[in-house]
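With mmCIF, C-alpha atoms inside, this is query_28.cif:
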```
data_protein
loop_
_atom_site.group_PDB
_atom_site.id
_atom_site.type_symbol
_atom_site.label_atom_id
_atom_site.label_comp_id
_atom_site.auth_asym_id
_atom_site.auth_seq_id
_atom_site.Cartn_x
_atom_site.Cartn_y
_atom_site.Cartn_z
ATOM 1 C CA MET A 1 6.942 -26.383 5.027
ATOM 2 C CA THR A 2 6.126 -23.495 7.341
ATOM 3 C CA GLN A 3 2.681 -23.642 8.889
ATOM 4 C CA PRO A 4 0.703 -20.561 9.985
ATOM 5 C CA CYS A 5 0.037 -19.986 13.644
ATOM 6 C CA ALA A 6 -3.278 -21.065 15.048
ATOM 7 C CA THR A 7 -5.923 -18.390 14.738
ATOM 8 C CA GLY A 8 -8.802 -17.531 17.023
ATOM 9 C CA GLN A 9 -9.374 -15.237 19.958
ATOM 10 C CA ALA A 10 -10.750 -15.821 23.428
ATOM 11 C CA GLU A 11 -14.147 -14.304 24.167
ATOM 12 C CA ILE A 12 -12.901 -12.749 27.419
ATOM 13 C CA LEU A 13 -9.621 -10.823 27.170
ATOM 14 C CA PRO A 14 -7.405 -9.558 30.000
ATOM 15 C CA TYR A 15 -7.500 -5.780 30.271
ATOM 16 C CA GLY A 16 -4.730 -3.997 28.430
ATOM 17 C CA LEU A 17 -4.073 -6.878 26.060
ATOM 18 C CA ARG A 18 -5.765 -7.543 22.757
ATOM 19 C CA GLN A 19 -3.444 -8.961 20.101
ATOM 20 C CA LEU A 20 0.226 -9.587 19.238
ATOM 21 C CA ALA A 21 1.690 -10.586 15.882
ATOM 22 C CA LEU A 22 5.080 -11.360 14.334
ATOM 23 C CA THR A 23 5.948 -10.617 10.706
ATOM 24 C CA PRO A 24 9.144 -12.161 9.300
ATOM 25 C CA TYR A 25 11.623 -10.484 6.982
ATOM 26 C CA LEU A 26 12.671 -12.294 3.834
ATOM 27 C CA ASP A 27 16.329 -11.261 3.990
ATOM 28 C CA ALA A 28 19.027 -11.483 6.658
ATOM 29 C CA GLN A 29 19.366 -7.703 7.076
ATOM 30 C CA GLY A 30 15.684 -7.091 7.763
ATOM 31 C CA THR A 31 14.776 -4.940 4.767
ATOM 32 C CA CYS A 32 12.186 -7.016 2.836
ATOM 33 C CA LEU A 33 9.019 -7.512 4.888
ATOM 34 C CA GLY A 34 7.193 -10.820 4.476
ATOM 35 C CA ASN A 35 3.614 -11.111 3.239
ATOM 36 C CA THR A 36 2.064 -12.816 6.290
ATOM 37 C CA SER A 37 1.760 -11.861 9.974
ATOM 38 C CA TYR A 38 1.489 -14.636 12.557
ATOM 39 C CA PRO A 39 -0.520 -14.062 15.747
ATOM 40 C CA LEU A 40 0.850 -14.839 19.210
ATOM 41 C CA PRO A 41 -1.391 -16.146 22.006
ATOM 42 C CA VAL A 42 -3.510 -13.506 23.690
ATOM 43 C CA ALA A 43 -1.997 -14.491 27.067
ATOM 44 C CA MET A 44 1.436 -13.192 25.991
ATOM 45 C CA THR A 45 2.471 -9.632 26.902
ATOM 46 C CA LEU A 46 4.951 -7.248 25.269
ATOM 47 C CA GLY A 47 7.100 -4.865 27.279
ATOM 48 C CA PHE A 48 9.791 -2.566 25.960
ATOM 49 C CA SER A 49 11.921 0.470 26.816
ATOM 50 C CA GLU A 50 13.948 2.905 24.749
ATOM 51 C CA SER A 51 17.659 3.078 25.513
ATOM 52 C CA GLU A 52 20.753 4.714 24.076
ATOM 53 C CA GLN A 53 24.466 4.255 24.639
ATOM 54 C CA TYR A 54 26.730 7.269 24.972
ATOM 55 C CA ASP A 55 30.424 7.973 24.470
ATOM 56 C CA GLU A 56 32.010 10.519 26.799
ATOM 57 C CA LEU A 57 34.770 12.915 25.776
ATOM 58 C CA ARG A 58 36.900 13.908 28.738
ATOM 59 C CA GLY A 59 39.861 16.213 29.147
ATOM 60 C CA ASP A 60 41.783 16.622 32.419
ATOM 61 C CA ASP A 61 39.069 14.530 34.125
ATOM 62 C CA ILE A 62 36.434 17.043 33.016
ATOM 63 C CA LEU A 63 33.444 15.864 30.987
ATOM 64 C CA VAL A 64 33.633 17.947 27.809
ATOM 65 C CA ALA A 65 30.957 16.343 25.628
ATOM 66 C CA VAL A 66 28.574 13.397 25.425
ATOM 67 C CA HIS A 67 27.810 11.768 22.076
ATOM 68 C CA GLY A 68 24.909 9.368 21.597
ATOM 69 C CA ARG A 69 25.301 6.296 19.405
ATOM 70 C CA GLY A 70 21.620 6.253 18.507
ATOM 71 C CA PRO A 71 18.573 4.823 20.295
ATOM 72 C CA GLN A 72 17.389 1.243 20.355
ATOM 73 C CA VAL A 73 14.461 -0.658 21.844
ATOM 74 C CA ASP A 74 14.936 -3.317 24.523
ATOM 75 C CA TRP A 75 11.870 -5.556 24.434
ATOM 76 C CA SER A 76 10.585 -8.736 26.032
ATOM 77 C CA LEU A 77 7.749 -11.178 25.417
ATOM 78 C CA GLU A 78 6.485 -12.802 28.583
ATOM 79 C CA ALA A 79 4.113 -15.630 29.582
ATOM 80 C CA GLY A 80 1.908 -17.770 27.409
ATOM 81 C CA GLY A 81 2.230 -20.611 24.971
ATOM 82 C CA MET A 82 3.683 -20.436 21.489
ATOM 83 C CA ASN A 83 3.463 -22.757 18.514
ATOM 84 C CA MET A 84 6.348 -23.959 16.386
ATOM 85 C CA THR A 85 6.069 -21.358 13.636
ATOM 86 C CA CYS A 86 6.262 -18.382 15.985
ATOM 87 C CA TRP A 87 9.136 -19.972 17.910
ATOM 88 C CA SER A 88 10.987 -20.508 14.625
ATOM 89 C CA LEU A 89 10.487 -16.850 13.639
ATOM 90 C CA LEU A 90 12.324 -15.785 16.801
ATOM 91 C CA SER A 91 14.925 -18.555 17.008
ATOM 92 C CA GLY A 92 15.804 -18.963 13.325
ATOM 93 C CA GLY A 93 14.857 -22.634 13.305
ATOM 94 C CA GLN A 94 12.958 -24.433 10.571
ATOM 95 C CA VAL A 95 9.499 -25.978 10.710
ATOM 96 C CA ILE A 96 9.290 -29.213 8.714
ATOM 97 C CA GLU A 97 6.083 -31.112 8.042
ATOM 98 C CA GLU A 98 6.168 -34.775 7.055
ATOM 99 C CA GLY A 99 3.327 -37.102 6.078
ATOM 100 C CA VAL A 100 -0.406 -36.454 5.988
ATOM 101 C CA THR A 101 -3.248 -36.660 8.473
ATOM 102 C CA PRO A 102 -3.634 -38.706 10.648
ATOM 103 C CA THR A 103 0.054 -39.675 10.688
ATOM 104 C CA ARG A 104 1.472 -36.209 9.932
ATOM 105 C CA VAL A 105 4.546 -35.190 11.937
ATOM 106 C CA THR A 106 5.592 -31.542 12.373
ATOM 107 C CA ARG A 107 9.077 -30.753 13.663
ATOM 108 C CA MET A 108 10.888 -27.517 14.536
ATOM 109 C CA ILE A 109 14.636 -28.005 14.007
ATOM 110 C CA LYS A 110 17.277 -25.511 15.127
ATOM 111 C CA SER A 111 20.777 -26.038 13.722
ATOM 112 C CA ALA A 112 23.959 -24.518 15.107
ATOM 113 C CA ASP A 113 24.352 -22.393 11.968
ATOM 114 C CA ASP A 114 20.765 -21.070 12.002
ATOM 115 C CA LEU A 115 21.024 -17.388 12.932
ATOM 116 C CA ARG A 116 18.209 -15.555 14.664
ATOM 117 C CA PRO A 117 16.341 -13.441 12.118
ATOM 118 C CA TYR A 118 14.759 -9.991 12.271
ATOM 119 C CA VAL A 119 10.997 -9.740 12.704
ATOM 120 C CA ARG A 120 8.498 -6.924 13.021
ATOM 121 C CA ILE A 121 6.448 -6.974 16.223
ATOM 122 C CA ASP A 122 2.933 -5.508 16.208
ATOM 123 C CA GLY A 123 0.931 -5.181 19.430
ATOM 124 C CA ARG A 124 -2.656 -4.104 19.958
ATOM 125 C CA ALA A 125 -3.892 -2.971 23.367
ATOM 126 C CA ILE A 126 -7.220 -1.872 24.787
ATOM 127 C CA SER A 127 -7.242 1.916 25.095
ATOM 128 C CA ASP A 128 -8.926 4.037 27.769
ATOM 129 C CA SER A 129 -9.790 6.610 25.094
ATOM 130 C CA GLY A 130 -11.708 4.154 22.930
ATOM 131 C CA GLY A 131 -10.693 2.477 19.737
ATOM 132 C CA ASN A 132 -7.366 0.752 20.122
ATOM 133 C CA LEU A 133 -3.699 1.597 20.594
ATOM 134 C CA LYS A 134 -1.134 -0.210 18.470
ATOM 135 C CA THR A 135 2.605 -0.515 19.010
ATOM 136 C CA ARG A 136 5.067 -1.443 16.281
ATOM 137 C CA ILE A 137 8.756 -2.328 16.623
ATOM 138 C CA TYR A 138 10.021 -2.297 13.068
ATOM 139 C CA ARG A 139 13.219 -4.359 13.172
ATOM 140 C CA ALA A 140 13.366 -6.635 16.186
ATOM 141 C CA LYS A 141 15.667 -9.546 16.949
ATOM 142 C CA ALA A 142 15.679 -11.922 19.912
ATOM 143 C CA ASN A 143 19.292 -11.360 20.980
ATOM 144 C CA GLY A 144 18.876 -12.534 24.586
ATOM 145 C CA ARG A 145 17.648 -15.672 26.248
ATOM 146 C CA LEU A 146 14.786 -17.682 24.759
ATOM 147 C CA GLN A 147 13.326 -19.182 27.905
ATOM 148 C CA ALA A 148 10.650 -21.865 27.833
ATOM 149 C CA ASP A 149 9.511 -24.962 29.673
ATOM 150 C CA LEU A 150 7.124 -27.861 29.320
ATOM 151 C CA ARG A 151 4.473 -28.006 32.014
ATOM 152 C CA ASN A 152 0.863 -29.034 32.425
ATOM 153 C CA GLY A 153 1.002 -30.692 29.029
ATOM 154 C CA ALA A 154 1.832 -27.445 27.214
ATOM 155 C CA PHE A 155 4.860 -25.631 25.761
ATOM 156 C CA GLN A 156 5.212 -22.392 27.742
ATOM 157 C CA THR A 157 7.454 -19.440 26.842
ATOM 158 C CA SER A 158 8.166 -17.684 30.099
ATOM 159 C CA ARG A 159 10.404 -14.919 28.704
ATOM 160 C CA ILE A 160 12.050 -13.901 25.439
ATOM 161 C CA ASP A 161 14.346 -10.850 25.354
ATOM 162 C CA GLY A 162 15.424 -8.900 22.305
ATOM 163 C CA VAL A 163 16.525 -5.626 20.780
ATOM 164 C CA GLY A 164 14.883 -3.366 18.207
ATOM 165 C CA LEU A 165 17.069 -1.449 15.746
ATOM 166 C CA PRO A 166 16.289 1.250 13.155
ATOM 167 C CA MET A 167 15.345 0.057 9.695
ATOM 168 C CA VAL A 168 18.161 -0.193 7.167
ATOM 169 C CA GLY A 169 18.492 2.482 4.525
ATOM 170 C CA ASP A 170 16.323 5.249 5.993
ATOM 171 C CA GLY A 171 18.906 7.162 8.005
ATOM 172 C CA GLY A 172 17.614 5.738 11.283
ATOM 173 C CA ARG A 173 14.200 7.431 11.066
ATOM 174 C CA TRP A 174 12.015 4.407 11.837
ATOM 175 C CA LEU A 175 12.614 2.584 15.133
ATOM 176 C CA TYR A 176 9.181 2.140 16.718
ATOM 177 C CA GLU A 177 5.749 3.711 16.511
ATOM 178 C CA PHE A 178 2.568 4.174 18.545
ATOM 179 C CA ILE A 179 -0.694 4.341 16.585
ATOM 180 C CA HIS A 180 -4.062 5.237 18.089
ATOM 181 C CA GLU A 181 -7.144 4.476 16.005
ATOM 182 C CA GLU A 182 -10.573 5.778 16.979
ATOM 183 C CA THR A 183 -12.174 2.788 15.289
ATOM 184 C CA ASP A 184 -11.156 -0.567 16.726
ATOM 185 C CA SER A 185 -9.428 -2.760 14.153
ATOM 186 C CA ALA A 186 -7.432 -5.972 14.381
ATOM 187 C CA ILE A 187 -3.851 -6.520 13.270
ATOM 188 C CA PRO A 188 -4.332 -7.982 9.784
ATOM 189 C CA GLY A 189 -2.903 -11.287 8.635
ATOM 190 C CA THR A 190 -1.440 -9.431 5.645
ATOM 191 C CA PRO A 191 0.827 -6.776 7.209
ATOM 192 C CA ASP A 192 0.748 -3.077 6.452
ATOM 193 C CA PRO A 193 3.904 -2.232 4.490
ATOM 194 C CA ASN A 194 6.864 -0.656 6.234
ATOM 195 C CA PRO A 195 7.495 3.038 5.536
ATOM 196 C CA LEU A 196 9.752 3.616 2.566
ATOM 197 C CA PRO A 197 13.173 5.127 3.319
ATOM 198 C CA SER A 198 14.053 8.707 2.495
ATOM 199 C CA PRO A 199 17.283 9.763 0.770
ATOM 200 C CA THR A 200 19.854 11.325 3.102
ATOM 201 C CA ASN A 201 22.789 13.733 2.793
ATOM 202 C CA LEU A 202 21.278 15.736 -0.063
ATOM 203 C CA HIS A 203 23.684 18.457 -1.169
ATOM 204 C CA ALA A 204 24.365 20.685 -4.185
ATOM 205 C CA THR A 205 27.594 20.979 -6.177
ATOM 206 C CA ASN A 206 28.721 22.685 -9.377
ATOM 207 C CA ILE A 207 26.484 25.663 -8.595
ATOM 208 C CA ALA A 208 26.330 28.050 -11.554
ATOM 209 C CA ALA A 209 24.046 30.902 -12.573
ATOM 210 C CA THR A 210 21.513 28.660 -14.300
ATOM 211 C CA SER A 211 22.399 25.110 -13.292
ATOM 212 C CA LEU A 212 23.677 22.868 -10.500
ATOM 213 C CA THR A 213 24.135 19.217 -9.566
ATOM 214 C CA LEU A 214 22.344 17.422 -6.730
ATOM 215 C CA ASP A 215 23.862 14.387 -5.007
ATOM 216 C CA TRP A 216 22.559 12.197 -2.177
ATOM 217 C CA ASP A 217 23.272 8.864 -0.505
ATOM 218 C CA GLN A 218 21.740 5.786 -2.079
ATOM 219 C CA VAL A 219 18.941 4.374 0.092
ATOM 220 C CA GLY A 220 19.747 0.950 1.501
ATOM 221 C CA VAL A 221 16.956 -0.914 -0.306
ATOM 222 C CA PHE A 222 17.498 0.660 -3.734
ATOM 223 C CA GLY A 223 17.610 -1.933 -6.504
ATOM 224 C CA GLN A 224 15.534 -4.589 -4.752
ATOM 225 C CA ASN A 225 12.613 -3.873 -7.081
ATOM 226 C CA THR A 226 12.546 -3.358 -10.830
ATOM 227 C CA GLY A 227 12.115 0.312 -11.640
ATOM 228 C CA ASP A 228 13.486 1.749 -8.372
ATOM 229 C CA ALA A 229 14.165 5.442 -8.928
ATOM 230 C CA TYR A 230 14.301 8.906 -7.370
ATOM 231 C CA GLN A 231 12.171 11.996 -7.888
ATOM 232 C CA VAL A 232 13.616 15.506 -7.519
ATOM 233 C CA TYR A 233 11.388 18.362 -6.337
ATOM 234 C CA LYS A 234 12.005 22.105 -6.531
ATOM 235 C CA SER A 235 10.496 25.055 -4.659
ATOM 236 C CA ILE A 236 10.897 28.815 -5.211
ATOM 237 C CA ASP A 237 8.686 29.953 -2.305
ATOM 238 C CA ASN A 238 10.734 28.694 0.665
ATOM 239 C CA GLY A 239 9.282 25.202 0.614
ATOM 240 C CA VAL A 240 5.589 26.156 0.597
ATOM 241 C CA THR A 241 4.833 24.558 -2.763
ATOM 242 C CA TRP A 242 6.876 21.992 -4.680
ATOM 243 C CA THR A 243 7.083 21.090 -8.358
ATOM 244 C CA LYS A 244 8.593 17.970 -9.898
ATOM 245 C CA GLU A 245 11.622 18.143 -12.069
ATOM 246 C CA ALA A 246 10.998 16.829 -15.570
ATOM 247 C CA SER A 247 11.769 13.160 -14.963
ATOM 248 C CA THR A 248 12.832 10.610 -12.383
ATOM 249 C CA VAL A 249 16.448 9.520 -12.118
ATOM 250 C CA MET A 250 17.865 6.010 -11.746
ATOM 251 C CA VAL A 251 21.053 7.035 -9.920
ATOM 252 C CA ASN A 252 21.721 9.120 -6.800
ATOM 253 C CA THR A 253 22.681 12.256 -8.683
ATOM 254 C CA ALA A 254 20.785 14.708 -10.882
ATOM 255 C CA ALA A 255 21.721 17.686 -13.054
ATOM 256 C CA VAL A 256 19.288 20.598 -12.712
ATOM 257 C CA ALA A 257 19.222 23.238 -15.460
ATOM 258 C CA THR A 258 17.118 26.220 -16.625
ATOM 259 C CA LEU A 259 17.500 28.021 -13.294
ATOM 260 C CA THR A 260 17.362 31.789 -12.819
ATOM 261 C CA THR A 261 20.325 33.828 -11.640
ATOM 262 C CA LYS A 262 20.347 35.274 -8.128
ATOM 263 C CA THR A 263 17.374 33.158 -7.066
ATOM 264 C CA THR A 264 16.939 31.003 -3.956
ATOM 265 C CA TYR A 265 15.801 27.425 -4.611
ATOM 266 C CA TRP A 266 14.792 24.630 -2.261
ATOM 267 C CA PHE A 267 15.337 21.046 -3.411
ATOM 268 C CA GLN A 268 14.328 17.678 -1.964
ATOM 269 C CA VAL A 269 14.357 14.091 -3.236
ATOM 270 C CA THR A 270 12.073 11.089 -2.702
ATOM 271 C CA PHE A 271 12.610 7.358 -3.255
ATOM 272 C CA LEU A 272 10.228 5.634 -5.690
ATOM 273 C CA GLN A 273 10.027 1.905 -4.965
ATOM 274 C CA GLY A 274 9.367 0.097 -8.207
ATOM 275 C CA GLY A 275 9.005 3.503 -9.794
ATOM 276 C CA THR A 276 5.543 4.047 -8.275
ATOM 277 C CA ASP A 277 5.361 3.833 -4.460
ATOM 278 C CA GLU A 278 6.807 7.076 -3.113
ATOM 279 C CA GLY A 279 8.481 7.561 0.261
ATOM 280 C CA ASP A 280 8.794 10.683 2.400
ATOM 281 C CA PRO A 281 11.048 13.443 1.048
ATOM 282 C CA SER A 282 14.607 14.047 2.151
ATOM 283 C CA LYS A 283 15.602 17.037 4.202
ATOM 284 C CA PRO A 284 15.690 20.008 1.815
ATOM 285 C CA VAL A 285 18.823 21.712 0.595
ATOM 286 C CA ILE A 286 18.677 25.474 -0.018
ATOM 287 C CA VAL A 287 20.740 27.014 -2.800
ATOM 288 C CA THR A 288 21.032 30.580 -4.135
ATOM 289 C CA THR A 289 22.326 30.856 -7.669
ATOM 290 C CA PRO A 290 25.066 33.448 -8.336
#
```
Could you express the structure from this file as structure tokens?
Amino acid sequence: MTQPCATGQAEILPYGLRQLALTPYLDAQGTCLGNTSYPLPVAMTLGFSESEQYDELRGDDILVAVHGRGPQVDWSLEAGGMNMTCWSLLSGGQVIEEGVTPTRVTRMIKSADDLRPYVRIDGRAISDSGGNLKTRIYRAKANGRLQADLRNGAFQTSRIDGVGLPMVGDGGRWLYEFIHEETDSAIPGTPDPNPLPSPTNLHATNIAATSLTLDWDQVGVFGQNTGDAYQVYKSIDNGVTWTKEASTVMVNTAAVATLTTKTTYWFQVTFLQGGTDEGDPSKPVIVTTP
């Protein structure tokens, strides 16, 4: 039985630090966000940097081109204590509770086949401009050393290193985010939902005078919820205003009819999670009918 982290906040906080929280994912790939966020001790700090690996194309010892493999976040949690639940969220271990008070025993067990899971990291800092500044690493995993020691009668985590990767199924759009709020607000125990993915690689085929076919790549989380669908939008004023096509579609292709000859159309597609919650639109495709 997993127990929530201890709550509470010190009356006097170190400058620049306000709150840190971990939110687990319910699947191994890090696509289904859990329903509860667990706070870390206020004495723990979060540091991270953006990095990217590059491949070099050379010819006759001359650098011809450099190709990036995509950015990632290198992060670390430093200093402070941590309870069993938060340690299990980073290590992949299991928290087991046996018995009842006053003889209850709580254990955190890590097996050799327990893989480290993905978590979302939310941080809240004091801001010079008022309100508060929040940082969010969407898909983080502790892929480095989990360093801790027992001293002064407490379990101390001196350093935990990890990597943050883009969310699955959104074309790599969401890696991390900074959020400044004019009104100070805490990181909630029930997490804000992750952004929904957008369809990618939208293109048109079978272009005729009054009809065409749109195709796009299936988003990575499609089918996890009953009623998942797509909505096609059309514009005839260069993307200024958009109108919905007649109905949503349950597959990653759509036939569009009743078009006008020699007319330029813009199309885009959104993902509807459960048929209701709508994500950001795809990049538009522009088509002129013959």
Near region 110-122 of chain A, within 7 Å and counting only C-alpha atoms, which residues show up once chain neighbours fewer than 3 positions away are dropped, as a PDB file with C-alpha atoms, keeping the file's coordinate frame?
```pdb
ATOM      1  CA  LEU A  20       0.226  -9.587  19.238  1.00  0.00           C
ATOM      2  CA  ALA A  21       1.690 -10.586  15.882  1.00  0.00           C
ATOM      3  CA  LEU A  22       5.080 -11.360  14.334  1.00  0.00           C
ATOM      4  CA  THR A  23       5.948 -10.617  10.706  1.00  0.00           C
ATOM      5  CA  PRO A  24       9.144 -12.161   9.300  1.00  0.00           C
ATOM      6  CA  TYR A  25      11.623 -10.484   6.982  1.00  0.00           C
ATOM      7  CA  ALA A  28      19.027 -11.483   6.658  1.00  0.00           C
ATOM      8  CA  GLY A  30      15.684  -7.091   7.763  1.00  0.00           C
ATOM      9  CA  LEU A  89      10.487 -16.850  13.639  1.00  0.00           C
ATOM     10  CA  LEU A  90      12.324 -15.785  16.801  1.00  0.00           C
ATOM     11  CA  SER A  91      14.925 -18.555  17.008  1.00  0.00           C
ATOM     12  CA  GLY A  92      15.804 -18.963  13.325  1.00  0.00           C
ATOM     13  CA  GLY A  93      14.857 -22.634  13.305  1.00  0.00           C
ATOM     14  CA  GLN A  94      12.958 -24.433  10.571  1.00  0.00           C
ATOM     15  CA  THR A 135       2.605  -0.515  19.010  1.00  0.00           C
ATOM     16  CA  ARG A 136       5.067  -1.443  16.281  1.00  0.00           C
ATOM     17  CA  ILE A 137       8.756  -2.328  16.623  1.00  0.00           C
ATOM     18  CA  TYR A 138      10.021  -2.297  13.068  1.00  0.00           C
ATOM     19  CA  ARG A 139      13.219  -4.359  13.172  1.00  0.00           C
ATOM     20  CA  ALA A 140      13.366  -6.635  16.186  1.00  0.00           C
ATOM     21  CA  LYS A 141      15.667  -9.546  16.949  1.00  0.00           C
ATOM     22  CA  ALA A 142      15.679 -11.922  19.912  1.00  0.00           C
TER      23      ALA A 142
END
```
Exercise. Which is closer to Ile286 (chain A) than all the others in A:Thr270, A:Thr248, A:Thr205, A:Thr106, using all atoms listed in the file?
Worked result: A:Thr205
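The spacing separating CA of Asn201 (chain A) from CA of Glu177 (chain A) amounts to 24.1 Å.
Closest approach to Met82 (chain A) from the set A:Ser247, A:Ser49, A:Thr289, A:Gln156 is made by A:Gln156, with distances taken over all atoms listed in the file.
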Exercise. Care to translate the PyMOL selection byres ((chain A and resi 73) around 8) into actual residues of this file, as a list in words?
Worked result: Phe48, Ser49, Glu50, Ser51, Pro71, Gln72, Asp74, Trp75, Ile137, Val163, Gly164, Leu165, Leu175 and Tyr176 of chain A
Seminar exercise, completed: Closest of A:Ala125, A:Leu259, A:Val168, A:Leu57 to Gln29 (chain A), counting only C-alpha atoms, is A:Val168
Residue rebuild result region 253-271 of chain A, N, CA and C atoms as a compact mmCIF listing (two decimals), in the frame of the given file:
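That gives us part_23.txt:
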```txt
# COMPACT_ATOMS: atom_id res chain seq x y z
N THR A 253 22.20 10.94 -8.29
CA THR A 253 22.68 12.26 -8.68
C THR A 253 21.78 12.79 -9.79
N ALA A 254 21.65 14.11 -9.86
CA ALA A 254 20.78 14.71 -10.88
C ALA A 254 21.32 16.08 -11.25
N ALA A 255 21.35 16.37 -12.55
CA ALA A 255 21.72 17.69 -13.05
C ALA A 255 20.45 18.53 -13.22
N VAL A 256 20.45 19.70 -12.64
CA VAL A 256 19.29 20.60 -12.71
C VAL A 256 19.68 21.83 -13.53
N ALA A 257 18.91 22.11 -14.57
CA ALA A 257 19.22 23.24 -15.46
C ALA A 257 18.05 24.21 -15.50
N THR A 258 18.14 25.19 -16.39
CA THR A 258 17.12 26.22 -16.62
C THR A 258 16.74 26.95 -15.34
N LEU A 259 17.74 27.23 -14.50
CA LEU A 259 17.50 28.02 -13.29
C LEU A 259 17.66 29.50 -13.61
N THR A 260 17.28 30.33 -12.67
CA THR A 260 17.36 31.79 -12.82
C THR A 260 18.47 32.32 -11.92
N THR A 261 19.23 33.27 -12.42
CA THR A 261 20.32 33.83 -11.64
C THR A 261 19.80 34.57 -10.42
N LYS A 262 20.63 34.55 -9.37
CA LYS A 262 20.35 35.27 -8.13
C LYS A 262 18.96 34.92 -7.56
N THR A 263 18.66 33.66 -7.57
CA THR A 263 17.37 33.16 -7.07
C THR A 263 17.63 32.04 -6.05
N THR A 264 16.81 32.03 -4.98
CA THR A 264 16.94 31.00 -3.96
C THR A 264 16.00 29.84 -4.27
N TYR A 265 16.56 28.64 -4.32
CA TYR A 265 15.80 27.42 -4.61
C TYR A 265 15.89 26.45 -3.42
N TRP A 266 14.80 25.75 -3.20
CA TRP A 266 14.79 24.63 -2.26
C TRP A 266 14.65 23.35 -3.08
N PHE A 267 15.43 22.34 -2.73
CA PHE A 267 15.34 21.05 -3.41
C PHE A 267 15.16 19.92 -2.38
N GLN A 268 14.43 18.89 -2.76
CA GLN A 268 14.33 17.68 -1.96
C GLN A 268 14.14 16.49 -2.92
N VAL A 269 14.39 15.29 -2.41
CA VAL A 269 14.36 14.09 -3.24
C VAL A 269 13.56 13.01 -2.51
N THR A 270 12.80 12.23 -3.27
CA THR A 270 12.07 11.09 -2.70
C THR A 270 12.53 9.80 -3.38
N PHE A 271 12.32 8.68 -2.70
CA PHE A 271 12.61 7.36 -3.26
C PHE A 271 11.32 6.78 -3.81
```
